[in-house]
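Trainee: One structure follows; several queries about it will come next.
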Amino acid sequence: MWGELEQLGRAGTGGYRRYAWTPEDARLREWFAGQSAARGLDLVQDRAGNQWAWWGDPDADGPGVAVGSHLDSVPDGGAFDGPLGVVSALAAVDALRESGVRPTKPLAVVHFGDEEGARFGIACAGSRLLTGALDADRARGLTDGDGVRMAEAMAAAGLDVSHVGRDDETLRRIDSFVELHVEQGRAMVDMDAPVAVGSAIRPHGRWRYELPGEANHAGTTLLADRRDPMLAMAAVVLAARAAAVRHDTVATCGKLRVEPNGVNAIPSRVTGWLDARGPVPEGVLATVADVTAAVEEHGGRVEQESWTGVTRFDADLAAELAGLLGGVPVLDTGAGHDAGILSAAGVRTAMLFVRNPTGVSHSPLEHAEPDDCEAGVRALSTVLASLVG
Ligand code: HGY
Ligand code: MN
Ligand code: MN
Ligand code: MN
């Protein structure tokens with residue numbers, strides 16, 4: 001299972017480039033459909049394009065339990081962020097069957113699409129569309145770096161774009177969701193724990209800065225005659241970092257779009273994105289993003305693209321699962337997950353984490369050891385057996 005999957009969507013740099021509604025995404029969906037068929041699971045696609053592989057009939061015997069994650073990646077992403085959760089969910093179904101468990105409730109392995117938002121800029125777009133946290137009209141109009149609209153990309157992939165949106169019928173089919181995910185830090189290394197239970201996801205927001213300038217010659221234009229938007233973007237980066245230090249949060253400017261993007265041309269426009277996160281109220285994170293002076297001085301504008309407040313998973317369930325798993329640690333995370341979106345929509349949700357010995361993620365250096373992955377599948381099987389057994 002893993003061997004076939006890890007060949008899909010390689011970026012040729014040691015990492016992965018698995019963007020939503022691309023040919024790579026189509027192959028990942030085919031892979032998921034093949035794995036579902038091989039297990040005799042009933043595969044359906046919801047209105048947001050997420051794939052659900054059912055063991056049992058949720059319409060007859062529901063609501064059921066869902067377990068899964070995403071398969072897409074950030075640019076040059078690692079192999080485990082997302083795929084480990086989907087593969088572990090399929091392996092847990094195998095383990096439940098081998099141990100003779102006959103579920104009392106339907107169980108679905110779910111593949112959420114477009115979790116990273118790498119192409120169209122909105123994280124967890126698949127689960128947000130499903131729950132209505134992302135407006136379908138807004139989503140359809142989102143464009144990628146080549147100006148392709150999400151609606152066009154979805155249609156090219158065969159999705160009924162007129163039908164995209166909140167899918168109550170699908171949401172009614174589940175009463176719980178479990179996501180296993182590789183840890184994206186090194187807390188579990190420090191705790192020497194192969195498996196942990198999630199307690200919360202820290203708040204995070206994304207802002208986009210549109211900074212106009214005047215294209216001109218890099219060699220002949222006097223400094224006094226320049227309107228260089230890169231200076232404004234530099235002010236945004238430094239101001240956001242200073243605010244993050246002040247408020248003990250994190251701020252990242254990892255993506256820039258520079259036009260015309262020539263070494264010897266003063267930019268006519270710079271578009272930059274800020275990702276800010278931390279265990280603080282929304283207003284504080286907005287302070288981190290509030291570099292209006294620098295932006296307005298250059299005649300620019302800033303738009304908040306997304307906001308996810310703190311997600312607290314069902315604390316009783318988290319404690320119960322930690323106990324069930326022999327007293328594994330319970331920890332919060334600064335990484336966003338589909339589990340956070342489902343939890344915010346009122347679905348009883350739990351997360352499991354598997355140790356990442358490098359502690360690095362969103363990078364080819366992301367890693368999980370086979371023994372820890374197997375411990376993760378055992379833990380996930382135990383959790384699912386307690387929910388459907
Ligand atoms: O950005 C995140 O935290 C997640 O990987 N989408
Ligand atoms: Mn990720
Ligand atoms: Mn992920
Ligand atoms: Mn996630």
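Labels for the structure tokens follow display order: chains A, B, ..., residues from 1 in each chain, ligands from 1.
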Can you list, as a compact mmCIF listing (two decimals) with all heavy atoms, in the first residue's frame, every protein, DNA or RNA residue that comes within 8 Å of Leu130 (chain A) when you count only C-alpha atoms, leaving out same-chain residues fewer than 2 positions away?
Mentor:
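Once everything was written out, this is part_25.txt:
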```
# COMPACT_ATOMS: atom_id res chain seq x y z
N ASP A 46 -18.39 13.17 -1.87
CA ASP A 46 -19.36 14.15 -1.39
C ASP A 46 -19.36 15.40 -2.29
O ASP A 46 -18.59 15.48 -3.25
CB ASP A 46 -19.11 14.49 0.09
CG ASP A 46 -17.80 15.24 0.33
OD1 ASP A 46 -17.30 15.90 -0.61
OD2 ASP A 46 -17.26 15.15 1.45
N ARG A 47 -20.18 16.36 -1.97
CA ARG A 47 -20.36 17.52 -2.86
C ARG A 47 -19.10 18.38 -2.93
O ARG A 47 -18.94 19.21 -3.80
CB ARG A 47 -21.53 18.37 -2.35
CG ARG A 47 -22.88 17.68 -2.49
CD ARG A 47 -23.99 18.51 -1.89
NE ARG A 47 -24.12 19.83 -2.52
CZ ARG A 47 -25.03 20.73 -2.13
NH1 ARG A 47 -25.81 20.46 -1.10
NH2 ARG A 47 -25.11 21.91 -2.72
N ALA A 48 -18.18 18.16 -1.98
CA ALA A 48 -16.94 18.96 -1.99
C ALA A 48 -15.81 18.18 -2.65
O ALA A 48 -14.68 18.67 -2.72
CB ALA A 48 -16.56 19.32 -0.55
N GLY A 126 -11.30 21.20 1.30
CA GLY A 126 -12.25 20.10 1.12
C GLY A 126 -13.17 19.95 2.32
O GLY A 126 -14.41 19.89 2.18
N SER A 127 -12.60 19.93 3.52
CA SER A 127 -13.44 19.76 4.71
C SER A 127 -14.21 21.04 5.02
O SER A 127 -15.35 21.00 5.51
CB SER A 127 -12.59 19.34 5.91
OG SER A 127 -11.47 20.20 6.09
N ARG A 128 -13.63 22.21 4.69
CA ARG A 128 -14.35 23.47 4.89
C ARG A 128 -15.56 23.57 3.95
O ARG A 128 -16.63 24.04 4.34
CB ARG A 128 -13.42 24.66 4.67
CG ARG A 128 -12.54 25.02 5.86
CD ARG A 128 -11.89 26.38 5.67
NE ARG A 128 -11.40 26.93 6.92
CZ ARG A 128 -10.11 27.07 7.23
NH1 ARG A 128 -9.21 26.70 6.36
NH2 ARG A 128 -9.73 27.58 8.37
N GLY A 132 -19.38 23.76 5.18
CA GLY A 132 -19.92 25.10 4.94
C GLY A 132 -19.04 26.20 5.52
O GLY A 132 -19.37 27.38 5.44
N ALA A 133 -17.88 25.80 6.08
CA ALA A 133 -16.97 26.82 6.64
C ALA A 133 -16.32 27.63 5.53
O ALA A 133 -15.78 28.71 5.77
CB ALA A 133 -15.90 26.13 7.49
N GLY A 165 -20.51 22.34 -2.36
CA GLY A 165 -20.96 23.13 -1.20
C GLY A 165 -21.17 22.25 0.01
O GLY A 165 -20.83 21.06 0.00
N ARG A 166 -21.76 22.84 1.05
CA ARG A 166 -22.01 22.11 2.29
C ARG A 166 -22.83 20.86 1.98
O ARG A 166 -23.78 20.92 1.20
CB ARG A 166 -22.74 23.01 3.29
CG ARG A 166 -23.06 22.30 4.62
CD ARG A 166 -23.81 23.19 5.58
NE ARG A 166 -24.40 22.39 6.66
CZ ARG A 166 -23.79 22.19 7.86
NH1 ARG A 166 -22.61 22.72 8.10
NH2 ARG A 166 -24.37 21.44 8.77
N ASP A 167 -22.44 19.76 2.57
CA ASP A 167 -23.11 18.49 2.24
C ASP A 167 -23.71 17.88 3.51
O ASP A 167 -23.07 17.06 4.19
CB ASP A 167 -22.08 17.54 1.60
CG ASP A 167 -22.75 16.30 1.01
OD1 ASP A 167 -23.85 15.94 1.50
OD2 ASP A 167 -22.18 15.70 0.07
N ASP A 168 -24.93 18.30 3.81
CA ASP A 168 -25.58 17.84 5.05
C ASP A 168 -25.83 16.34 5.04
O ASP A 168 -25.74 15.68 6.08
CB ASP A 168 -26.90 18.60 5.24
CG ASP A 168 -26.65 20.04 5.68
OD1 ASP A 168 -25.95 20.22 6.70
OD2 ASP A 168 -27.07 20.97 4.97
N LEU A 171 -22.72 14.79 6.18
CA LEU A 171 -22.45 15.09 7.60
C LEU A 171 -23.37 14.29 8.52
O LEU A 171 -22.96 13.85 9.59
CB LEU A 171 -22.60 16.58 7.86
CG LEU A 171 -21.51 17.47 7.25
CD1 LEU A 171 -21.88 18.95 7.37
CD2 LEU A 171 -20.15 17.21 7.92
```
Trainee: Would you list, as a list of chain:residue names, the residues of region 84-171 of chain A that end up in strand (DSSP E) under DSSP run on this structure's backbone?
Mentor: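 Of region 84-171 of chain A, only A:Leu107, A:Ala108, A:Val109, A:Val110, A:His111, A:Phe112 fall in strand (DSSP E).
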Trainee: Output all heavy atoms for every residue in the selection just made, as an mmCIF file, in the first residue's frame.
Mentor:
```cif
data_model
loop_
_atom_site.group_PDB
_atom_site.id
_atom_site.type_symbol
_atom_site.label_atom_id
_atom_site.label_comp_id
_atom_site.auth_asym_id
_atom_site.auth_seq_id
_atom_site.Cartn_x
_atom_site.Cartn_y
_atom_site.Cartn_z
ATOM 1 N N LEU A 107 -18.498 2.275 9.259
ATOM 2 C CA LEU A 107 -17.185 2.904 9.425
ATOM 3 C C LEU A 107 -16.727 3.371 8.048
ATOM 4 O O LEU A 107 -16.810 2.600 7.073
ATOM 5 C CB LEU A 107 -16.200 1.883 10.006
ATOM 6 C CG LEU A 107 -14.743 2.295 10.196
ATOM 7 C CD1 LEU A 107 -14.631 3.443 11.198
ATOM 8 C CD2 LEU A 107 -13.909 1.103 10.696
ATOM 9 N N ALA A 108 -16.301 4.609 7.941
ATOM 10 C CA ALA A 108 -15.842 5.130 6.638
ATOM 11 C C ALA A 108 -14.390 5.553 6.730
ATOM 12 O O ALA A 108 -13.989 6.242 7.677
ATOM 13 C CB ALA A 108 -16.686 6.336 6.230
ATOM 14 N N VAL A 109 -13.606 5.153 5.734
ATOM 15 C CA VAL A 109 -12.262 5.724 5.562
ATOM 16 C C VAL A 109 -12.442 6.923 4.636
ATOM 17 O O VAL A 109 -13.040 6.792 3.552
ATOM 18 C CB VAL A 109 -11.288 4.714 4.940
ATOM 19 C CG1 VAL A 109 -9.926 5.365 4.713
ATOM 20 C CG2 VAL A 109 -11.149 3.494 5.856
ATOM 21 N N VAL A 110 -11.969 8.087 5.084
ATOM 22 C CA VAL A 110 -12.230 9.301 4.305
ATOM 23 C C VAL A 110 -10.925 9.938 3.839
ATOM 24 O O VAL A 110 -9.923 9.957 4.560
ATOM 25 C CB VAL A 110 -13.065 10.325 5.119
ATOM 26 C CG1 VAL A 110 -12.400 10.709 6.430
ATOM 27 C CG2 VAL A 110 -13.367 11.578 4.312
ATOM 28 N N HIS A 111 -10.952 10.377 2.594
ATOM 29 C CA HIS A 111 -9.829 11.142 2.006
ATOM 30 C C HIS A 111 -10.333 12.561 1.771
ATOM 31 O O HIS A 111 -11.157 12.790 0.872
ATOM 32 C CB HIS A 111 -9.380 10.502 0.687
ATOM 33 C CG HIS A 111 -8.646 11.460 -0.234
ATOM 34 N ND1 HIS A 111 -8.787 11.446 -1.610
ATOM 35 C CD2 HIS A 111 -7.788 12.475 0.039
ATOM 36 C CE1 HIS A 111 -8.034 12.407 -2.145
ATOM 37 N NE2 HIS A 111 -7.418 13.044 -1.150
ATOM 38 N N PHE A 112 -9.869 13.491 2.592
ATOM 39 C CA PHE A 112 -10.261 14.894 2.419
ATOM 40 C C PHE A 112 -9.348 15.540 1.379
ATOM 41 O O PHE A 112 -8.111 15.387 1.443
ATOM 42 C CB PHE A 112 -10.155 15.653 3.751
ATOM 43 C CG PHE A 112 -11.272 15.359 4.694
ATOM 44 C CD1 PHE A 112 -11.052 14.656 5.869
ATOM 45 C CD2 PHE A 112 -12.577 15.775 4.396
ATOM 46 C CE1 PHE A 112 -12.091 14.367 6.739
ATOM 47 C CE2 PHE A 112 -13.631 15.489 5.254
ATOM 48 C CZ PHE A 112 -13.391 14.785 6.433
#
```
Trainee: Kindly compile the residues surrounding ligand 3 within 8 Å, counting only C-alpha atoms and all ligand atoms, and format them as an mmCIF file with N, CA and C atoms, in the first residue's frame.
Mentor:
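This went into selection.cif:
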```cif
data_model
loop_
_atom_site.group_PDB
_atom_site.id
_atom_site.type_symbol
_atom_site.label_atom_id
_atom_site.label_comp_id
_atom_site.auth_asym_id
_atom_site.auth_seq_id
_atom_site.Cartn_x
_atom_site.Cartn_y
_atom_site.Cartn_z
ATOM 1 N N SER A 69 -7.710 11.190 6.596
ATOM 2 C CA SER A 69 -6.922 12.432 6.557
ATOM 3 C C SER A 69 -6.872 12.920 5.109
ATOM 4 N N HIS A 70 -5.771 13.515 4.709
ATOM 5 C CA HIS A 70 -5.655 14.081 3.350
ATOM 6 C C HIS A 70 -4.481 13.448 2.621
ATOM 7 N N SER A 73 -0.274 17.808 -0.686
ATOM 8 C CA SER A 73 0.933 18.262 0.038
ATOM 9 C C SER A 73 1.169 19.757 -0.171
ATOM 10 N N ASP A 81 2.800 13.664 5.932
ATOM 11 C CA ASP A 81 1.781 14.649 6.302
ATOM 12 C C ASP A 81 0.520 14.424 5.458
ATOM 13 N N GLY A 82 -0.429 13.763 6.067
ATOM 14 C CA GLY A 82 -1.675 13.407 5.365
ATOM 15 C C GLY A 82 -1.717 11.931 5.024
ATOM 16 N N GLU A 115 -6.292 19.803 1.500
ATOM 17 C CA GLU A 115 -6.124 20.208 2.911
ATOM 18 C C GLU A 115 -5.048 21.288 3.028
ATOM 19 N N GLU A 116 -4.011 21.216 2.219
ATOM 20 C CA GLU A 116 -2.920 22.182 2.402
ATOM 21 C C GLU A 116 -3.228 23.544 1.795
ATOM 22 N N HIS A 181 -2.210 11.466 12.448
ATOM 23 C CA HIS A 181 -1.338 12.373 11.689
ATOM 24 C C HIS A 181 0.088 12.291 12.218
ATOM 25 N N VAL A 182 1.041 12.399 11.302
ATOM 26 C CA VAL A 182 2.427 12.435 11.763
ATOM 27 C C VAL A 182 2.610 13.722 12.580
ATOM 28 N N ALA A 335 -0.341 22.827 14.136
ATOM 29 C CA ALA A 335 -0.667 22.532 12.731
ATOM 30 C C ALA A 335 -2.174 22.398 12.576
ATOM 31 N N GLY A 336 -2.679 22.909 11.466
ATOM 32 C CA GLY A 336 -4.103 22.782 11.176
ATOM 33 C C GLY A 336 -4.406 21.413 10.597
ATOM 34 N N HIS A 337 -5.616 20.953 10.820
ATOM 35 C CA HIS A 337 -6.020 19.623 10.310
ATOM 36 C C HIS A 337 -7.496 19.606 9.956
ATOM 37 N N ASP A 338 -7.865 18.676 9.076
ATOM 38 C CA ASP A 338 -9.282 18.502 8.774
ATOM 39 C C ASP A 338 -10.064 18.186 10.043
#
```
Trainee: Would you pick out the contacts of region 236-252 of chain A at 7 Å or less, using only C-alpha atoms, so that residues sharing its chain but fewer than 5 positions from it are not included, and give the list as a list in words?
Mentor: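 Skipping anything fewer than 5 positions along the chain leaves Leu274, Asp275, Ala276, Arg277, Gly278, Val288, Ala289, Val291 and Ala294 of chain A.
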Trainee: Using N, CA and C atoms, can you write the selected residues to a file as a PDB file, in the first residue's frame?
Mentor:
```
ATOM      1  N   LEU A 274       0.940  35.947   4.780  1.00  0.00           N
ATOM      2  CA  LEU A 274       1.403  35.777   6.152  1.00  0.00           C
ATOM      3  C   LEU A 274       0.568  34.691   6.818  1.00  0.00           C
ATOM      4  N   ASP A 275       1.259  33.757   7.470  1.00  0.00           N
ATOM      5  CA  ASP A 275       0.592  32.697   8.229  1.00  0.00           C
ATOM      6  C   ASP A 275       0.979  32.948   9.680  1.00  0.00           C
ATOM      7  N   ALA A 276       0.019  33.266  10.522  1.00  0.00           N
ATOM      8  CA  ALA A 276       0.328  33.555  11.931  1.00  0.00           C
ATOM      9  C   ALA A 276      -0.485  32.626  12.817  1.00  0.00           C
ATOM     10  N   ARG A 277       0.180  32.120  13.885  1.00  0.00           N
ATOM     11  CA  ARG A 277      -0.503  31.147  14.738  1.00  0.00           C
ATOM     12  C   ARG A 277      -0.050  31.303  16.189  1.00  0.00           C
ATOM     13  N   GLY A 278      -0.900  30.832  17.080  1.00  0.00           N
ATOM     14  CA  GLY A 278      -0.463  30.835  18.464  1.00  0.00           C
ATOM     15  C   GLY A 278      -1.629  30.635  19.411  1.00  0.00           C
ATOM     16  N   VAL A 288      -0.475  40.630  15.120  1.00  0.00           N
ATOM     17  CA  VAL A 288       0.730  40.165  14.415  1.00  0.00           C
ATOM     18  C   VAL A 288       0.620  40.529  12.941  1.00  0.00           C
ATOM     19  N   ALA A 289      -0.592  40.424  12.434  1.00  0.00           N
ATOM     20  CA  ALA A 289      -0.795  40.688  10.997  1.00  0.00           C
ATOM     21  C   ALA A 289      -0.996  42.180  10.747  1.00  0.00           C
ATOM     22  N   VAL A 291       0.121  45.245  10.072  1.00  0.00           N
ATOM     23  CA  VAL A 291       1.266  46.081   9.688  1.00  0.00           C
ATOM     24  C   VAL A 291       0.752  47.099   8.678  1.00  0.00           C
ATOM     25  N   ALA A 294       2.821  50.120   7.243  1.00  0.00           N
ATOM     26  CA  ALA A 294       3.799  49.816   6.178  1.00  0.00           C
ATOM     27  C   ALA A 294       3.071  49.580   4.861  1.00  0.00           C
TER      28      ALA A 294
END
```
Trainee: Contacts of His298 (chain A) at 10 Å or less, counting only C-alpha atoms, minus same-chain residues fewer than 2 places along, as a PyMOL selection string?
Mentor: chain A and resi 210-213+227-233+292-296+300-301
Trainee: Quick one: pick out all helix (DSSP H, G or I) residues within region 34-263 of chain A from a backbone DSSP run and write them as a PyMOL selection string.
Mentor: chain A and resi 34-38+58-61+83-98+125-131+136-141+150-156+161-163+168-172+187-191+223-225+229-247
Trainee: Report as an MDAnalysis selection string all protein, DNA and RNA residues lying within 12 Å of Val178 (chain A), evaluated on only C-alpha atoms, omitting residues in the same chain fewer than 4 positions from it.
Mentor: chainID A and resid 64:69 85:86 88:89 92 107:110 174 197:198 313:314 317:318 321 337:340 342:343 347:353 379:387
Trainee: Any idea what's packed within 8 Å of Lys105 (chain A), counting only C-alpha atoms, ignoring anything in its chain fewer than 3 positions away? Could you give it as JSON, numbers by chain?
Mentor: {"A": [56, 58, 61, 62, 63, 64, 65, 388, 389]}
Trainee: Taking only C-alpha atoms into account, name the residue in A:Gln45, A:Ser363, A:Ser99, A:Thr333 that is nearest to Ser199 (chain A).
Mentor: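 Closest to Ser199 (chain A) of all the choices is A:Thr333.
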Trainee: Under the rule that only C-alpha atoms are counted, which of A:Phe177, A:Trp307, A:Tyr19, A:Phe80 is the nearest residue to His362 (chain A)?
Mentor: A:Phe80
Trainee: Quick one: distance from CA of Glu179 (chain A) to CA of Gly141 (chain A) in Å, one decimal?
Mentor: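 Those two atoms sit 29.2 Å apart.
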Trainee: Write out, as a tab-separated table, each residue of region 16-125 of chain A that has an atom at most 12 Å from region 2-7 of chain A, together with the closest pair of atoms and their distance in Å to one decimal, counting only C-alpha atoms, rows going by chain and rising number.
Mentor:
```
residue	atom	partner	partner_atom	distance
A:Tyr16	CA	A:Glu6	CA	9.0
A:Arg17	CA	A:Gln7	CA	11.4
A:Arg18	CA	A:Glu6	CA	11.1
A:Glu24	CA	A:Gln7	CA	10.6
A:Asp25	CA	A:Leu5	CA	11.7
A:Arg27	CA	A:Leu5	CA	9.4
A:Leu28	CA	A:Leu5	CA	7.5
A:Arg29	CA	A:Leu5	CA	10.6
A:Glu30	CA	A:Leu5	CA	10.5
A:Trp31	CA	A:Leu5	CA	7.2
A:Phe32	CA	A:Leu5	CA	9.1
A:Gly34	CA	A:Glu4	CA	11.1
A:Gln35	CA	A:Leu5	CA	10.4
A:Leu71	CA	A:Leu5	CA	9.4
A:Asp72	CA	A:Leu5	CA	11.6
A:Gly77	CA	A:Glu6	CA	11.9
A:Gly78	CA	A:Glu6	CA	10.0
A:Ala79	CA	A:Glu6	CA	6.7
A:Phe80	CA	A:Glu6	CA	9.1
A:Asp81	CA	A:Glu6	CA	11.8
A:Gly82	CA	A:Leu5	CA	11.7
A:Pro83	CA	A:Leu5	CA	8.2
A:Leu84	CA	A:Trp2	CA	8.6
A:Gly85	CA	A:Trp2	CA	11.4
A:Val86	CA	A:Trp2	CA	10.1
A:Val87	CA	A:Trp2	CA	7.0
A:Ser88	CA	A:Trp2	CA	9.7
A:Leu90	CA	A:Trp2	CA	10.7
A:Ala91	CA	A:Trp2	CA	10.2
```
Trainee: Output the selection as a JSON list (two decimals), in the first residue's frame - N, CA and C atoms for each residue.
Mentor:
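So part03.json came out as:
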```json
[["chain", "number", "residue", "atom", "x", "y", "z"],
["A", 16, "TYR", "N", 7.37, 16.14, -2.30],
["A", 16, "TYR", "CA", 6.15, 15.89, -3.08],
["A", 16, "TYR", "C", 5.51, 17.20, -3.51],
["A", 17, "ARG", "N", 4.81, 17.10, -4.65],
["A", 17, "ARG", "CA", 4.03, 18.24, -5.13],
["A", 17, "ARG", "C", 2.68, 17.68, -5.53],
["A", 18, "ARG", "N", 1.77, 17.61, -4.58],
["A", 18, "ARG", "CA", 0.45, 16.98, -4.78],
["A", 18, "ARG", "C", -0.60, 18.06, -4.57],
["A", 24, "GLU", "N", -1.87, 14.87, -10.68],
["A", 24, "GLU", "CA", -1.33, 14.13, -9.52],
["A", 24, "GLU", "C", -2.46, 13.81, -8.54],
["A", 25, "ASP", "N", -3.34, 14.77, -8.35],
["A", 25, "ASP", "CA", -4.48, 14.57, -7.44],
["A", 25, "ASP", "C", -5.37, 13.45, -7.98],
["A", 27, "ARG", "N", -4.50, 10.93, -9.74],
["A", 27, "ARG", "CA", -3.88, 9.61, -9.51],
["A", 27, "ARG", "C", -3.99, 9.19, -8.05],
["A", 28, "LEU", "N", -3.94, 10.18, -7.16],
["A", 28, "LEU", "CA", -4.11, 9.86, -5.73],
["A", 28, "LEU", "C", -5.52, 9.38, -5.47],
["A", 29, "ARG", "N", -6.49, 10.00, -6.14],
["A", 29, "ARG", "CA", -7.90, 9.59, -6.00],
["A", 29, "ARG", "C", -8.12, 8.19, -6.58],
["A", 30, "GLU", "N", -7.44, 7.91, -7.69],
["A", 30, "GLU", "CA", -7.55, 6.56, -8.28],
["A", 30, "GLU", "C", -6.95, 5.54, -7.30],
["A", 31, "TRP", "N", -5.82, 5.90, -6.71],
["A", 31, "TRP", "CA", -5.18, 5.01, -5.74],
["A", 31, "TRP", "C", -6.16, 4.72, -4.59],
["A", 32, "PHE", "N", -6.78, 5.77, -4.07],
["A", 32, "PHE", "CA", -7.71, 5.60, -2.95],
["A", 32, "PHE", "C", -8.89, 4.72, -3.37],
["A", 34, "GLY", "N", -8.88, 2.45, -5.65],
["A", 34, "GLY", "CA", -8.40, 1.08, -5.79],
["A", 34, "GLY", "C", -8.27, 0.39, -4.43],
["A", 35, "GLN", "N", -7.77, 1.13, -3.45],
["A", 35, "GLN", "CA", -7.63, 0.55, -2.10],
["A", 35, "GLN", "C", -9.01, 0.25, -1.49],
["A", 71, "LEU", "N", -4.37, 13.67, 1.32],
["A", 71, "LEU", "CA", -3.27, 13.10, 0.52],
["A", 71, "LEU", "C", -2.48, 14.20, -0.20],
["A", 72, "ASP", "N", -3.00, 15.42, -0.21],
["A", 72, "ASP", "CA", -2.29, 16.48, -0.92],
["A", 72, "ASP", "C", -1.11, 16.98, -0.08],
["A", 77, "GLY", "N", 6.64, 18.97, -0.21],
["A", 77, "GLY", "CA", 6.25, 18.47, 1.10],
["A", 77, "GLY", "C", 6.82, 17.09, 1.41],
["A", 78, "GLY", "N", 6.57, 16.66, 2.63],
["A", 78, "GLY", "CA", 7.06, 15.36, 3.05],
["A", 78, "GLY", "C", 6.11, 14.24, 2.67],
["A", 79, "ALA", "N", 6.52, 12.99, 2.96],
["A", 79, "ALA", "CA", 5.74, 11.83, 2.52],
["A", 79, "ALA", "C", 4.61, 11.48, 3.48],
["A", 80, "PHE", "N", 4.68, 11.97, 4.72],
["A", 80, "PHE", "CA", 3.80, 11.44, 5.75],
["A", 80, "PHE", "C", 2.62, 12.35, 6.10],
["A", 81, "ASP", "N", 2.80, 13.66, 5.93],
["A", 81, "ASP", "CA", 1.78, 14.65, 6.30],
["A", 81, "ASP", "C", 0.52, 14.42, 5.46],
["A", 82, "GLY", "N", -0.43, 13.76, 6.07],
["A", 82, "GLY", "CA", -1.68, 13.41, 5.36],
["A", 82, "GLY", "C", -1.72, 11.93, 5.02],
["A", 83, "PRO", "N", -0.87, 11.48, 4.08],
["A", 83, "PRO", "CA", -0.91, 10.07, 3.65],
["A", 83, "PRO", "C", -0.78, 9.08, 4.80],
["A", 84, "LEU", "N", 0.01, 9.40, 5.83],
["A", 84, "LEU", "CA", 0.13, 8.44, 6.93],
["A", 84, "LEU", "C", -1.24, 8.20, 7.57],
["A", 85, "GLY", "N", -2.06, 9.25, 7.63],
["A", 85, "GLY", "CA", -3.39, 9.11, 8.24],
["A", 85, "GLY", "C", -4.33, 8.27, 7.39],
["A", 86, "VAL", "N", -4.23, 8.42, 6.07],
["A", 86, "VAL", "CA", -5.12, 7.66, 5.18],
["A", 86, "VAL", "C", -4.68, 6.19, 5.14],
["A", 87, "VAL", "N", -3.38, 5.96, 4.99],
["A", 87, "VAL", "CA", -2.88, 4.58, 4.96],
["A", 87, "VAL", "C", -3.15, 3.88, 6.29],
["A", 88, "SER", "N", -2.95, 4.60, 7.39],
["A", 88, "SER", "CA", -3.20, 3.99, 8.71],
["A", 88, "SER", "C", -4.67, 3.64, 8.89],
["A", 90, "LEU", "N", -6.79, 2.77, 6.46],
["A", 90, "LEU", "CA", -7.03, 1.56, 5.67],
["A", 90, "LEU", "C", -6.44, 0.34, 6.37],
["A", 91, "ALA", "N", -5.25, 0.50, 6.94],
["A", 91, "ALA", "CA", -4.60, -0.62, 7.65],
["A", 91, "ALA", "C", -5.38, -0.98, 8.91]]
```
Trainee: Tell me which of A:Asp290, A:Asp94, A:Glu183, A:Asp160 sits closest to ligand 2, counting only C-alpha atoms and all ligand atoms.
Mentor: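 Residue with the minimum atom-to-atom distance to ligand 2: A:Glu183.
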Trainee: Identify which of the residues A:Gly219, A:Pro364, A:Pro194, A:Gly14 lies closest to Val377 (chain A), counting only C-alpha atoms when measuring atom-to-atom distances.
Mentor: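 Ranking A:Gly219, A:Pro364, A:Pro194, A:Gly14 by distance to Val377 (chain A), first place goes to A:Pro194.
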